[in-house]
>>> print(open('run14.cif').read())   # mmCIF, C-alpha atoms
data_start
#
loop_
_atom_site.label_atom_id
_atom_site.label_comp_id
_atom_site.auth_asym_id
_atom_site.auth_seq_id
_atom_site.Cartn_x
_atom_site.Cartn_y
_atom_site.Cartn_z
CA MET A 1 13.48 20.63 14.78
CA LYS A 2 9.91 20.90 13.44
CA THR A 3 6.85 20.59 15.65
CA CYS A 4 4.42 17.80 14.84
CA ASP A 5 1.12 18.99 13.36
CA ASN A 6 -0.51 15.68 14.41
CA THR A 7 -1.87 15.14 10.89
CA SER A 8 -0.60 12.62 8.35
CA VAL A 9 -1.44 11.36 4.90
CA GLY A 10 -0.69 7.98 3.42
CA ILE A 11 -0.87 7.07 -0.24
CA VAL A 12 -1.40 3.51 -1.49
CA ILE A 13 -0.32 3.08 -5.12
CA THR A 14 -0.95 -0.09 -7.08
CA ASP A 15 -0.11 -1.01 -10.66
CA HIS A 16 -2.21 -2.82 -13.27
CA GLN A 17 -0.88 -6.14 -11.91
CA GLY A 18 -2.20 -5.41 -8.41
CA ARG A 19 1.27 -4.87 -6.94
CA TYR A 20 1.88 -2.24 -4.25
CA LEU A 21 4.55 0.48 -4.58
CA MET A 22 6.42 0.28 -1.27
CA PHE A 23 9.82 1.16 0.16
CA ASP A 24 11.89 0.72 3.27
CA ARG A 25 11.89 3.97 5.23
CA ALA A 26 15.34 5.58 5.23
CA ILE A 27 14.45 7.67 8.29
CA PHE A 28 12.69 6.88 11.58
CA PRO A 29 10.46 4.97 12.20
CA PRO A 30 11.67 1.73 10.59
CA GLY A 31 9.55 -0.41 8.32
CA THR A 32 8.31 -0.93 4.80
CA ALA A 33 5.54 1.46 3.80
CA PRO A 34 3.88 3.40 1.01
CA ALA A 35 4.43 7.14 0.60
CA ALA A 36 3.32 9.16 3.62
CA GLY A 37 3.99 12.34 5.52
CA HIS A 38 2.71 15.20 7.63
CA ILE A 39 0.19 17.60 6.13
CA ASP A 40 2.14 20.61 7.47
CA ASP A 41 1.86 23.67 5.24
CA HIS A 42 0.76 21.70 2.18
CA GLY A 43 -2.83 22.93 2.67
CA THR A 44 -5.37 20.12 2.33
CA ALA A 45 -4.82 16.41 2.83
CA GLU A 46 -5.08 15.99 -0.96
CA ASP A 47 -2.39 18.63 -1.50
CA ALA A 48 -0.16 16.88 1.02
CA ALA A 49 -0.72 13.48 -0.63
CA ARG A 50 0.27 14.87 -4.02
CA ALA A 51 3.34 16.57 -2.54
CA GLU A 52 4.50 13.48 -0.61
CA VAL A 53 4.28 11.23 -3.69
CA GLU A 54 6.31 13.80 -5.66
CA GLU A 55 8.87 14.28 -2.85
CA GLU A 56 9.36 10.60 -2.02
CA LEU A 57 8.86 8.89 -5.39
CA GLY A 58 9.11 11.57 -8.08
CA LEU A 59 5.68 10.64 -9.45
CA THR A 60 2.71 12.86 -10.28
CA VAL A 61 -0.66 11.97 -8.76
CA THR A 62 -3.44 11.93 -11.35
CA GLY A 63 -6.23 10.71 -9.05
CA LEU A 64 -6.94 10.26 -5.33
CA THR A 65 -9.63 8.23 -3.59
CA HIS A 66 -10.01 8.40 0.19
CA VAL A 67 -10.01 4.80 1.53
CA THR A 68 -9.46 4.93 5.30
CA GLY A 69 -8.01 6.95 8.13
CA GLY A 70 -8.45 8.18 11.67
CA TRP A 71 -6.42 8.80 14.80
CA ARG A 72 -3.56 6.34 15.35
CA ASP A 73 -0.57 6.21 17.61
CA ASN A 74 2.69 6.16 15.72
CA PRO A 75 6.19 7.30 16.59
CA CYS A 76 7.19 10.75 15.35
CA ARG A 77 10.69 12.22 15.29
CA ARG A 78 9.31 15.77 15.64
CA LEU A 79 8.68 17.84 18.74
CA PRO A 80 5.27 17.18 20.34
CA GLY A 81 2.35 18.95 18.69
CA ALA A 82 -0.55 20.84 20.20
CA HIS A 83 -2.96 17.90 19.97
CA SER A 84 -0.87 15.13 21.54
CA THR A 85 2.52 14.03 22.68
CA GLY A 86 3.67 13.75 19.07
CA HIS A 87 2.90 10.05 18.94
CA ARG A 88 -0.69 10.41 17.74
CA HIS A 89 -1.73 11.50 14.26
CA ASP A 90 -5.02 12.01 12.46
CA TRP A 91 -4.43 10.04 9.26
CA THR A 92 -6.07 10.39 5.87
CA VAL A 93 -5.20 7.45 3.59
CA TYR A 94 -5.77 7.47 -0.16
CA ARG A 95 -5.46 5.15 -3.11
CA ALA A 96 -3.73 7.03 -5.90
CA THR A 97 -3.18 6.75 -9.60
CA VAL A 98 0.12 8.18 -10.77
CA THR A 99 2.13 9.02 -13.84
CA GLY A 100 5.78 9.75 -14.54
CA ASP A 101 9.12 8.07 -14.05
CA LEU A 102 9.89 6.62 -10.64
CA THR A 103 12.72 8.71 -9.14
CA PRO A 104 12.86 7.88 -5.42
CA SER A 105 14.26 10.23 -2.81
CA ALA A 106 17.57 8.88 -1.49
CA HIS A 107 16.96 10.84 1.74
CA GLU A 108 13.57 9.28 2.57
CA THR A 109 13.49 5.92 0.77
CA LYS A 110 15.50 2.75 0.27
CA ASN A 111 14.71 -0.39 -1.66
CA VAL A 112 11.73 1.06 -3.58
CA ARG A 113 9.86 -1.78 -5.24
CA TRP A 114 6.56 -3.14 -6.50
CA ILE A 115 5.34 -5.84 -4.11
CA ALA A 116 2.86 -8.56 -5.06
CA PRO A 117 -0.01 -9.17 -2.60
CA ASP A 118 1.49 -12.45 -1.30
CA ALA A 119 4.85 -10.76 -0.65
CA LEU A 120 3.03 -7.89 1.10
CA GLN A 121 1.40 -10.44 3.38
CA GLU A 122 4.85 -11.95 4.11
CA LEU A 123 6.05 -8.49 5.20
CA ALA A 124 2.95 -8.13 7.38
CA ASP A 125 3.68 -11.54 8.93
CA ARG A 126 7.20 -10.32 9.78
CA THR A 127 5.69 -7.35 11.63
CA ILE A 128 3.37 -9.72 13.48
CA THR A 129 6.38 -11.87 14.44
CA TYR A 130 8.09 -8.73 15.77
CA ALA A 131 4.96 -7.73 17.73
CA GLN A 132 4.81 -11.22 19.23
CA GLY A 133 8.38 -10.76 20.51
CA ARG A 134 9.84 -13.52 18.34
CA ILE A 135 12.39 -11.18 16.72
CA THR A 136 14.21 -8.17 18.18
CA GLY A 137 13.87 -4.54 17.19
CA ALA A 138 17.36 -4.70 15.71
CA ASP A 139 16.36 -7.72 13.60
CA PHE A 140 13.24 -5.85 12.44
CA GLU A 141 15.28 -2.77 11.49
CA ALA A 142 17.80 -4.91 9.59
CA ALA A 143 15.09 -6.73 7.62
CA PRO A 144 11.85 -4.80 8.16
CA GLY A 145 8.27 -5.87 7.79
CA ILE A 146 5.43 -3.41 7.31
CA GLU A 147 5.81 -0.23 9.38
CA PRO A 148 3.51 -0.92 12.36
CA VAL A 149 1.15 2.07 11.85
CA TRP A 150 0.47 0.82 8.30
CA MET A 151 -0.79 -2.57 9.45
CA GLN A 152 -4.17 -1.07 10.43
CA TRP A 153 -4.55 0.87 7.19
CA LEU A 154 -3.58 -2.09 5.00
CA ALA A 155 -5.95 -4.36 6.94
CA ASN A 156 -8.75 -1.80 6.54
CA ILE A 157 -8.43 -1.93 2.75
CA ALA A 158 -8.04 -5.76 2.76
CA ALA A 159 -4.50 -5.61 1.39
CA ILE A 160 -3.31 -7.81 4.28
CA HIS A 161 -4.91 -10.21 6.72
CA ILE A 162 -4.27 -10.04 10.47
CA SER A 163 -6.17 -11.33 13.47
CA PRO A 164 -7.68 -8.80 15.89
CA ASP A 165 -5.33 -10.05 18.65
CA ASP A 166 -2.26 -9.59 16.49
CA LEU A 167 -3.47 -6.15 15.38
CA LEU A 168 -3.63 -5.16 19.06
CA ARG A 169 -0.08 -6.49 19.57
CA VAL A 170 1.17 -4.51 16.57
CA GLY A 171 -0.61 -1.44 17.92
CA GLN A 172 1.53 -1.69 21.06
CA LEU A 173 4.62 -1.17 18.85
CA THR A 174 3.35 2.27 17.86
CA ARG A 175 3.31 3.70 21.38
#
>>> encode(input="run14.cif", output="C-alpha cells")
Amino acid sequence: MKTCDNTSVGIVITDHQGRYLMFDRAIFPPGTAPAAGHIDDHGTAEDAARAEVEEELGLTVTGLTHVTGGWRDNPCRRLPGAHSTGHRHDWTVYRATVTGDLTPSAHETKNVRWIAPDALQELADRTITYAQGRITGADFEAAPGIEPVWMQWLANIAAIHISPDDLLRVGQLTR
C-alpha cells in the first residue's frame, strides 16, 4: 500500500454551457467529484493535474488556472504520511480547459457526466442532508452527493451555495 504524500490536486472542468464535468468515485471515499488525486511523483501540482485528468477522464489539459486550495481534512485510503495522519492534505485546485475524447477510467470513475449548476447544487444539498444526519452513510454511498472535501472548494469558487454552519457540519464528515 502506498504512503500518503499529504498533497492533492483537484481539477474543475466546465464546458461552454457552464456545466461541470463530474463523476461518482469508484473507489474510497464516496461522493461525486471532479478529477483529483495525489501529487506523488508527478512533479509539480500542474503536472499532477494534467496527469489526473488524463488518467481519470482520458482528456488532455490545454490550460490551468489556480482557483483555490489549502490544507483540508479528507479521508485517505493510503498509509499515513509524514505530515499528518493521512487524513489531511494540502490541496491545489485548478480550473482547466481540455481537449480530446472523454474516455473515463473504469477503475476510478462511474457515472461520468456534465452537470448543470442547478443539478450541482442539488448534489451539494444531498451532502448537506447527509451532514445533518438526515440520511445514512449507506444511503449517501448508494446515491451520493458531492464528496465532502469538495464542498469547500466548490463553495470557494461560487459553484455551490452553503451556509457557514452547514459547511462546518460537512467538514465533520471529512475527519
>>> residues_around(input="run14.cif", residues="A:Glu52", least_positions_apart="5", cutoff="12 Å", atoms="all atoms listed in the file", output="JSON, numbers by chain")
{"A": [8, 9, 10, 11, 12, 34, 35, 36, 37, 38, 39, 40, 42, 45, 46, 47, 57, 58, 59, 60, 61, 94, 96, 104, 105, 108, 109]}
>>> residues_around(input="run14.cif", residues="A:Thr32", least_positions_apart="6", cutoff="9 Å", atoms="only C-alpha atoms", output="list in words")
Met22, Phe23, Asp24, Arg25, Leu123, Pro144, Gly145, Ile146, Glu147, Pro148 and Trp150 of chain A
>>> write_last_selection(input="run14.cif", atoms="C-alpha atoms", output="tab-separated table (two decimals), in the frame of the given file")
chain	number	residue	atom	x	y	z
A	22	MET	CA	6.42	0.28	-1.27
A	23	PHE	CA	9.82	1.16	0.16
A	24	ASP	CA	11.89	0.72	3.27
A	25	ARG	CA	11.89	3.97	5.23
A	123	LEU	CA	6.05	-8.49	5.20
A	144	PRO	CA	11.85	-4.80	8.16
A	145	GLY	CA	8.27	-5.87	7.79
A	146	ILE	CA	5.43	-3.41	7.31
A	147	GLU	CA	5.81	-0.23	9.38
A	148	PRO	CA	3.51	-0.92	12.36
A	150	TRP	CA	0.47	0.82	8.30
>>> residues_around(input="run14.cif", residues="A:His66", least_positions_apart="5", cutoff="8 Å", atoms="only C-alpha atoms", output="list in words")
Thr92, Val93, Tyr94 and Arg95 of chain A
>>> resolve_selection(input="run14.cif", expression="the PyMOL selection byres ((chain A and resi 152-157) around 10)", output="ChimeraX atom specification")
/A:10,12,33,67-70,72,91-95,120-121,124,146,148-151,158-163,167-168,170-171
>>> atom_distance(input="run14.cif", atom1="atom CA of A:Thr97", atom2="atom CA of A:Gly63")
5.0 Å
>>> closest_residue(input="run14.cif", among="A:Thr174, A:Arg50, A:Gly31, A:Asp101", to="A:Arg126", atoms="only C-alpha atoms")
A:Gly31
>>> closest_residue(input="run14.cif", among="A:Ile27, A:Ile13, A:Ile135, A:Met1", to="A:Lys110", atoms="all atoms listed in the file")
A:Ile27
>>> closest_residue(input="run14.cif", among="A:Thr7, A:Thr136, A:Thr127, A:Gln172", to="A:Gly43", atoms="all atoms listed in the file")
A:Thr7
>>> closest_residue(input="run14.cif", among="A:Thr103, A:Gly18, A:Phe28, A:Asp90", to="A:Val53", atoms="all atoms listed in the file")
A:Thr103
>>> atom_distance(input="run14.cif", atom1="atom CA of A:Glu55", atom2="atom CA of A:Leu21")
14.6 Å
>>> closest_residue(input="run14.cif", among="A:Leu102, A:Leu173, A:Cys4, A:Val112", to="A:Pro29", atoms="all atoms listed in the file")
A:Leu173
>>> resolve_selection(input="run14.cif", expression="the PyMOL selection byres ((chain A and resi 116) around 9)", output="PyMOL selection string")
chain A and resi 17-20+114-115+117-121
>>> write_last_selection(input="run14.cif", atoms="C-alpha atoms", output="PDB file, in the coordinates of the input")
ATOM      1  CA  GLN A  17      -0.880  -6.140 -11.910  1.00  0.00           C
ATOM      2  CA  GLY A  18      -2.200  -5.410  -8.410  1.00  0.00           C
ATOM      3  CA  ARG A  19       1.270  -4.870  -6.940  1.00  0.00           C
ATOM      4  CA  TYR A  20       1.880  -2.240  -4.250  1.00  0.00           C
ATOM      5  CA  TRP A 114       6.560  -3.140  -6.500  1.00  0.00           C
ATOM      6  CA  ILE A 115       5.340  -5.840  -4.110  1.00  0.00           C
ATOM      7  CA  PRO A 117      -0.010  -9.170  -2.600  1.00  0.00           C
ATOM      8  CA  ASP A 118       1.490 -12.450  -1.300  1.00  0.00           C
ATOM      9  CA  ALA A 119       4.850 -10.760  -0.650  1.00  0.00           C
ATOM     10  CA  LEU A 120       3.030  -7.890   1.100  1.00  0.00           C
ATOM     11  CA  GLN A 121       1.400 -10.440   3.380  1.00  0.00           C
TER      12      GLN A 121
END
>>> closest_residue(input="run14.cif", among="A:Arg169, A:Arg175, A:His16, A:Arg77", to="A:Val98", atoms="only C-alpha atoms")
A:His16
>>> atom_distance(input="run14.cif", atom1="atom CA of A:Thr44", atom2="atom CA of A:Trp71")
16.9 Å
